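One structure below.
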Amino acid sequence: DTVNLDDLALTKGQAASLDIFFAERHTSGCHFAIETTIKLGQDWCAPLHYVEFKNVSHNNLGGAGPDTADKNLVFNSVEYEPGRRPRDMQLIVSVKPGSTYTPDSQGNHDLFRQYGRIGIKAGTQVTFNIAFQGLATQDAIDFTFLDLDQGLAGQSSEYIEVGGFVKYALMSTTEVQVSPGAICGTTRFTASQPGNFLIDHPVDDASLTPQQQNRAVMLSFENAVMVEVTMSCSAGTVDCNFLFKAKPSLKCPTDPITHEPLVHDPPTSTVTTTITTTVTTTTMTTVTTTTTKKDCVIDVQISENFTIQTMC
């Protein structure tokens, strides 16, 4: 059968989904194919500045292996920028000195599909330094954290805490909660809904579902050399996995003209200064002296005996 797109009431320039249903009674020998001139999975991020992870060249994050030597995680990557040829670079993740990394039970710190992935044990948190090595331009670059979710009853709830960005973007229907971070100048982005690894992990930026978009936050950095981010997994029976990408992923799945994420300035910290004024009260006591006036008569007698008599 042939389907005429002009008969489907599509709007030019607006993204549309394509659902296919196929039923077959035979258990073998079935061949099913679709031919189309439609460009599927258009990547609206293609004309933007971003970094694509290609593979992992070294994997020993925080000394957790499987490699040895340098205690970091290195993604071989390619930087794409309009008007320039693609350039090779590396994104290097290391544990911030003074912080401790406890991996999840599966030891997930690697490349998951097209996303960087770091798993941490429930009830722990860790601060990472994410460095851009060989980034050719210092223009603004976007960094997206995806799949922020939690376990049942609020257990194993994920949050990231990060600073230094100039803008952040969330969908208008986001599930991510925003609050000031524990350290001045940072912002906390916290999961609020339970997730399911089998059905809601993103596969590709061009096909993010509305739910996957609602569990992502996009941060814009200028003069990016290194980003410091804290990842936390609250107590629970399930460990946490954090997915990230150096790409404006929220702009990729749909036409940005019709479905643009909401962009915000970093929240400002309110500093309350309490001024205590001490008032000293001086009490003046007035002492009144009462003088009683008396009239006296002095009788002086000069005789053999000198006599003075006073009568008041």
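Each chain of the structure tokens is named A, B, ... in the order shown, its residues numbered from 1; ligands are numbered from 1 in display order.
For Phe143 (chain A), the list of residues within 7 Å, based on only C-alpha atoms and with local chain neighbours fewer than 6 positions off taken out, reads A:Met218, A:Leu219, A:Ser220, A:Lys245, A:Ala246, A:Lys247, A:Pro248.
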List every residue of region 88-262 of chain A that DSSP, applied to the backbone of this structure, assigns to strand (DSSP E), and report them as a count of residues only. 73
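Rounded to one decimal, CA of Phe132 (chain A) and CA of Val162 (chain A) lie 16.1 Å from each other.
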Identify, on the basis of only C-alpha atoms, every residue whose closest approach to Pro194 (chain A) does not exceed 12 Å; exclude the query and any residue fewer than 6 positions from it along the same chain; express the result as a PDB file with N, CA and C atoms, in the first residue's frame.
```pdb
ATOM      1  N   ASP A 147      17.783  11.138  32.500  1.00  0.00           N
ATOM      2  CA  ASP A 147      17.295  10.008  33.282  1.00  0.00           C
ATOM      3  C   ASP A 147      17.406  10.237  34.788  1.00  0.00           C
ATOM      4  N   LEU A 148      17.085  11.451  35.241  1.00  0.00           N
ATOM      5  CA  LEU A 148      17.058  11.722  36.677  1.00  0.00           C
ATOM      6  C   LEU A 148      15.759  11.157  37.242  1.00  0.00           C
ATOM      7  N   ASP A 149      15.871  10.043  37.961  1.00  0.00           N
ATOM      8  CA  ASP A 149      14.690   9.399  38.529  1.00  0.00           C
ATOM      9  C   ASP A 149      15.024   8.806  39.886  1.00  0.00           C
ATOM     10  N   GLN A 150      14.116   8.038  40.455  1.00  0.00           N
ATOM     11  CA  GLN A 150      14.296   7.456  41.779  1.00  0.00           C
ATOM     12  C   GLN A 150      13.630   6.089  41.836  1.00  0.00           C
ATOM     13  N   GLY A 151      13.867   5.378  42.945  1.00  0.00           N
ATOM     14  CA  GLY A 151      13.200   4.104  43.155  1.00  0.00           C
ATOM     15  C   GLY A 151      11.822   4.300  43.747  1.00  0.00           C
ATOM     16  N   LEU A 152      11.190   3.204  44.124  1.00  0.00           N
ATOM     17  CA  LEU A 152       9.863   3.276  44.730  1.00  0.00           C
ATOM     18  C   LEU A 152       9.929   3.923  46.104  1.00  0.00           C
ATOM     19  N   ALA A 153       8.855   4.603  46.468  1.00  0.00           N
ATOM     20  CA  ALA A 153       8.718   5.261  47.776  1.00  0.00           C
ATOM     21  C   ALA A 153       9.821   6.288  48.023  1.00  0.00           C
ATOM     22  N   GLY A 154      10.357   6.861  46.944  1.00  0.00           N
ATOM     23  CA  GLY A 154      11.357   7.909  47.087  1.00  0.00           C
ATOM     24  C   GLY A 154      12.743   7.426  47.437  1.00  0.00           C
ATOM     25  N   GLN A 155      12.974   6.104  47.462  1.00  0.00           N
ATOM     26  CA  GLN A 155      14.310   5.593  47.761  1.00  0.00           C
ATOM     27  C   GLN A 155      15.225   5.753  46.542  1.00  0.00           C
ATOM     28  N   SER A 156      16.532   5.707  46.803  1.00  0.00           N
ATOM     29  CA  SER A 156      17.529   5.797  45.729  1.00  0.00           C
ATOM     30  C   SER A 156      17.230   6.973  44.801  1.00  0.00           C
ATOM     31  N   SER A 157      16.924   8.096  45.394  1.00  0.00           N
ATOM     32  CA  SER A 157      16.597   9.295  44.611  1.00  0.00           C
ATOM     33  C   SER A 157      17.880   9.984  44.148  1.00  0.00           C
ATOM     34  N   GLU A 158      17.900  10.368  42.891  1.00  0.00           N
ATOM     35  CA  GLU A 158      19.098  10.965  42.302  1.00  0.00           C
ATOM     36  C   GLU A 158      19.028  12.489  42.290  1.00  0.00           C
ATOM     37  N   GLU A 175       9.855  16.972  35.405  1.00  0.00           N
ATOM     38  CA  GLU A 175       9.721  16.313  36.703  1.00  0.00           C
ATOM     39  C   GLU A 175      10.870  16.682  37.631  1.00  0.00           C
ATOM     40  N   VAL A 176      11.854  17.410  37.105  1.00  0.00           N
ATOM     41  CA  VAL A 176      13.056  17.740  37.873  1.00  0.00           C
ATOM     42  C   VAL A 176      12.782  18.939  38.777  1.00  0.00           C
ATOM     43  N   ASP A 200      12.529   3.087  30.290  1.00  0.00           N
ATOM     44  CA  ASP A 200      12.586   4.545  30.162  1.00  0.00           C
ATOM     45  C   ASP A 200      13.973   5.127  30.000  1.00  0.00           C
ATOM     46  N   GLN A 211       8.540  11.753  28.379  1.00  0.00           N
ATOM     47  CA  GLN A 211       8.965  11.425  29.745  1.00  0.00           C
ATOM     48  C   GLN A 211      10.473  11.553  29.894  1.00  0.00           C
ATOM     49  N   ARG A 215      12.796  14.325  32.361  1.00  0.00           N
ATOM     50  CA  ARG A 215      13.745  13.880  33.378  1.00  0.00           C
ATOM     51  C   ARG A 215      15.165  14.318  33.049  1.00  0.00           C
ATOM     52  N   VAL A 238      18.274  -0.004  45.595  1.00  0.00           N
ATOM     53  CA  VAL A 238      18.734   0.012  44.205  1.00  0.00           C
ATOM     54  C   VAL A 238      19.783   1.106  44.038  1.00  0.00           C
ATOM     55  N   CYS A 240      22.203   3.800  41.752  1.00  0.00           N
ATOM     56  CA  CYS A 240      21.818   4.841  40.794  1.00  0.00           C
ATOM     57  C   CYS A 240      22.783   4.882  39.613  1.00  0.00           C
TER      58      CYS A 240
END
```
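Proximity ranking of A:Asp110, A:Glu161, A:Asp205, A:Asp67 relative to Lys251 (chain A) places A:Asp205 first, based on only C-alpha atoms.
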Write out as a PDB file with N, CA, C and O atoms, in the first residue's frame the set of residues from region 30-154 of chain A that DSSP, computed on the backbone, places in helix (DSSP H, G or I).
```
ATOM      1  N   LEU A  61      37.892   4.875  36.784  1.00  0.00           N
ATOM      2  CA  LEU A  61      37.342   5.999  37.524  1.00  0.00           C
ATOM      3  C   LEU A  61      37.475   5.776  39.030  1.00  0.00           C
ATOM      4  O   LEU A  61      36.966   4.817  39.590  1.00  0.00           O
ATOM      5  N   GLY A  62      38.205   6.676  39.676  1.00  0.00           N
ATOM      6  CA  GLY A  62      38.404   6.577  41.121  1.00  0.00           C
ATOM      7  C   GLY A  62      39.162   5.334  41.550  1.00  0.00           C
ATOM      8  O   GLY A  62      39.097   4.930  42.713  1.00  0.00           O
ATOM      9  N   GLY A  63      39.888   4.711  40.606  1.00  0.00           N
ATOM     10  CA  GLY A  63      40.614   3.475  40.917  1.00  0.00           C
ATOM     11  C   GLY A  63      39.741   2.242  40.946  1.00  0.00           C
ATOM     12  O   GLY A  63      40.165   1.186  41.428  1.00  0.00           O
ATOM     13  N   LEU A 152      11.190   3.204  44.124  1.00  0.00           N
ATOM     14  CA  LEU A 152       9.863   3.276  44.730  1.00  0.00           C
ATOM     15  C   LEU A 152       9.929   3.923  46.104  1.00  0.00           C
ATOM     16  O   LEU A 152      10.935   3.821  46.810  1.00  0.00           O
ATOM     17  N   ALA A 153       8.855   4.603  46.468  1.00  0.00           N
ATOM     18  CA  ALA A 153       8.718   5.261  47.776  1.00  0.00           C
ATOM     19  C   ALA A 153       9.821   6.288  48.023  1.00  0.00           C
ATOM     20  O   ALA A 153      10.196   6.535  49.169  1.00  0.00           O
ATOM     21  N   GLY A 154      10.357   6.861  46.944  1.00  0.00           N
ATOM     22  CA  GLY A 154      11.357   7.909  47.087  1.00  0.00           C
ATOM     23  C   GLY A 154      12.743   7.426  47.437  1.00  0.00           C
ATOM     24  O   GLY A 154      13.638   8.246  47.686  1.00  0.00           O
TER      25      GLY A 154
END
```
Contacts of region 47-52 of chain A at 12 Å (only C-alpha atoms; same-chain gap of 6+ positions) as number ranges by chain: A: 75-91, 111, 113-116, 132-144, 204-205, 220-221, 244-249, 251-252, 256
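For the pair CA of Pro180 (chain A) and CA of Gly163 (chain A), the interatomic distance is 10.0 Å.
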Just give me the gap between CA of Val217 (chain A) and CA of Phe189 (chain A) in Å, one decimal is fine. 7.8 Å
